[in-house]
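Presented below is the structure to which this report refers.
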Amino acid sequence: MEALEEVEHRWKRRRARIAANPSLNLAYRLGVGVAGAIVLAVGIVAIPYPGPGWLIVFAGLGILASEFAWAHRLLHWVRVRYDRFMAWFAQQSTFVKGLSVLFTTIVVLATLWVLGTFRLIGTWVGLDQPWLESPL
């Protein structure tokens, strides 16, 4: 536990030195903002797909929250609603959960189609159908 406190203390000293230099502080905050926004955007895109979409969203918000008070408030707000929704969802019937799986499947298939994934895979296996082409 003491090692963790020492690391935290060193980080606070380093961050204070960065904050003392206005140009360096601005560059640091911009870097954190860009990195957090990229991670957050990837997480939002990944939400409907199988995998850690929400975990990536929370990581992006956590990165942003390390420097921005608005992101800290948003992270708390999103976590409360996410936990509330998951508790509600866990109590739902198999029918509602099945509809959720169906809706998620439709969203995933639609985005894969729009992105041209089906056309690409179709060309790999020799399937050249016009309906596989993306509308974009």
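By convention in this document, the chains of the structure tokens carry letters A, B, ... by their order, each chain's residues are numbered from 1, and ligands are numbered from 1 in the order they are shown.
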>> If DSSP is run on the backbone, what residues of chain A are alpha helix (DSSP H)? A reply as JSON, numbers by chain would be ideal.
In response: {"A": [2, 3, 4, 5, 6, 7, 8, 9, 10, 11, 12, 13, 14, 15, 16, 17, 18, 19, 20, 22, 23, 24, 25, 26, 27, 28, 29, 30, 31, 32, 33, 34, 35, 36, 37, 38, 39, 40, 41, 42, 43, 44, 45, 46, 53, 54, 55, 56, 57, 58, 59, 60, 61, 62, 63, 64, 65, 69, 70, 71, 72, 73, 74, 75, 76, 77, 78, 79, 80, 81, 82, 83, 84, 85, 86, 87, 88, 89, 90, 94, 95, 96, 97, 98, 99, 100, 101, 102, 103, 104, 105, 106, 107, 108, 109, 110, 111, 112, 113, 114, 117, 118, 119, 120, 121, 122, 123, 124]}
>> Residues near A:Arg79, anyone? I mean within 9 Å using only C-alpha atoms, not counting same-chain ones fewer than 5 positions away, as number ranges by chain.
In response: A: 58, 74, 84
Selected residues, C-alpha atoms, written as a PDB file, in the first residue's frame, please.
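Final output, out-v8.pdb:
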ATOM      1  CA  PHE A  58     -15.683   4.285 -19.277  1.00  0.00           C
ATOM      2  CA  LEU A  74     -20.359  12.920 -16.895  1.00  0.00           C
ATOM      3  CA  ARG A  84     -29.423   1.213 -13.062  1.00  0.00           C
TER       4      ARG A  84
END
> If you measure from atom CA of A:Arg10 to atom CA of A:Ala35, what distance in Å do you get, rounded to one decimal?
Replying inline: 22.3 Å
Give me, as CSV, the closest atom pair and its distance (Å, one decimal) for every residue of stretch 43-106 of chain A within a cut-off of 10 Å of stretch 110-119 of chain A, counting only C-alpha atoms, rows sorted by chain and rising number.
residue,atom,partner,partner_atom,distance
A:Pro48,CA,A:Thr111,CA,9.7
A:Tyr49,CA,A:Thr111,CA,9.9
A:Thr104,CA,A:Ala110,CA,9.8
A:Thr105,CA,A:Ala110,CA,8.4
A:Ile106,CA,A:Ala110,CA,5.9
For the residues in that selection, give me N, CA and C atoms as a PDB file, in the first residue's frame.
ATOM      1  N   PRO A  48     -22.473  -1.425 -29.643  1.00  0.00           N
ATOM      2  CA  PRO A  48     -23.410  -2.472 -30.076  1.00  0.00           C
ATOM      3  C   PRO A  48     -22.746  -3.795 -30.437  1.00  0.00           C
ATOM      4  N   TYR A  49     -21.434  -3.824 -30.542  1.00  0.00           N
ATOM      5  CA  TYR A  49     -20.750  -5.047 -30.942  1.00  0.00           C
ATOM      6  C   TYR A  49     -20.391  -5.891 -29.729  1.00  0.00           C
ATOM      7  N   THR A 104     -29.761  -5.844 -31.277  1.00  0.00           N
ATOM      8  CA  THR A 104     -28.304  -5.693 -31.354  1.00  0.00           C
ATOM      9  C   THR A 104     -27.771  -6.356 -32.622  1.00  0.00           C
ATOM     10  N   THR A 105     -28.283  -7.521 -32.951  1.00  0.00           N
ATOM     11  CA  THR A 105     -27.858  -8.221 -34.161  1.00  0.00           C
ATOM     12  C   THR A 105     -28.184  -7.407 -35.405  1.00  0.00           C
ATOM     13  N   ILE A 106     -29.361  -6.809 -35.434  1.00  0.00           N
ATOM     14  CA  ILE A 106     -29.756  -5.980 -36.581  1.00  0.00           C
ATOM     15  C   ILE A 106     -28.834  -4.768 -36.707  1.00  0.00           C
TER      16      ILE A 106
END
>> Just checking: using only C-alpha atoms, which residue out of A:Leu127, A:Val42, A:Phe89, A:Gly122 ends up closest to A:Ala59?
In response: A:Val42
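Shell of A:Leu55 at 10 Å, with only C-alpha atoms counted and residues fewer than 6 places along the chain excluded, is A:Leu40, A:Gly43, A:Ile44, A:Ala46, A:Ile47, A:Leu61.
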Which neighbours of A:Gly33 fall inside 9 Å, counting only C-alpha atoms, when residues of the same chain fewer than 6 positions from it are skipped, and could you give them as an mmCIF file with N, CA, C and O atoms, in the first residue's frame?
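Resulting contents of around-v1.cif:
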data_model
loop_
_atom_site.group_PDB
_atom_site.id
_atom_site.type_symbol
_atom_site.label_atom_id
_atom_site.label_comp_id
_atom_site.auth_asym_id
_atom_site.auth_seq_id
_atom_site.Cartn_x
_atom_site.Cartn_y
_atom_site.Cartn_z
ATOM 1 N N ILE A 63 -10.103 8.826 -18.683
ATOM 2 C CA ILE A 63 -8.958 9.614 -19.154
ATOM 3 C C ILE A 63 -9.313 11.092 -19.150
ATOM 4 O O ILE A 63 -8.562 11.927 -18.648
ATOM 5 N N LEU A 64 -10.476 11.418 -19.703
ATOM 6 C CA LEU A 64 -10.907 12.818 -19.728
ATOM 7 C C LEU A 64 -11.129 13.360 -18.316
ATOM 8 O O LEU A 64 -10.798 14.511 -18.024
ATOM 9 N N GLU A 67 -8.483 15.159 -16.087
ATOM 10 C CA GLU A 67 -8.130 16.565 -16.281
ATOM 11 C C GLU A 67 -9.313 17.520 -16.331
ATOM 12 O O GLU A 67 -9.134 18.716 -16.153
ATOM 13 N N PHE A 68 -10.507 17.020 -16.609
ATOM 14 C CA PHE A 68 -11.638 17.908 -16.840
ATOM 15 C C PHE A 68 -12.784 17.577 -15.884
ATOM 16 O O PHE A 68 -13.249 16.436 -15.837
#
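Taking only C-alpha atoms into account, A:Gly36 lies nearest to A:Ala71 out of the set A:Arg14, A:Gly53, A:Ala71, A:Asn21.
Here atom CA of A:Arg15 and atom CA of A:Ala41 stand 26.0 Å from one another.
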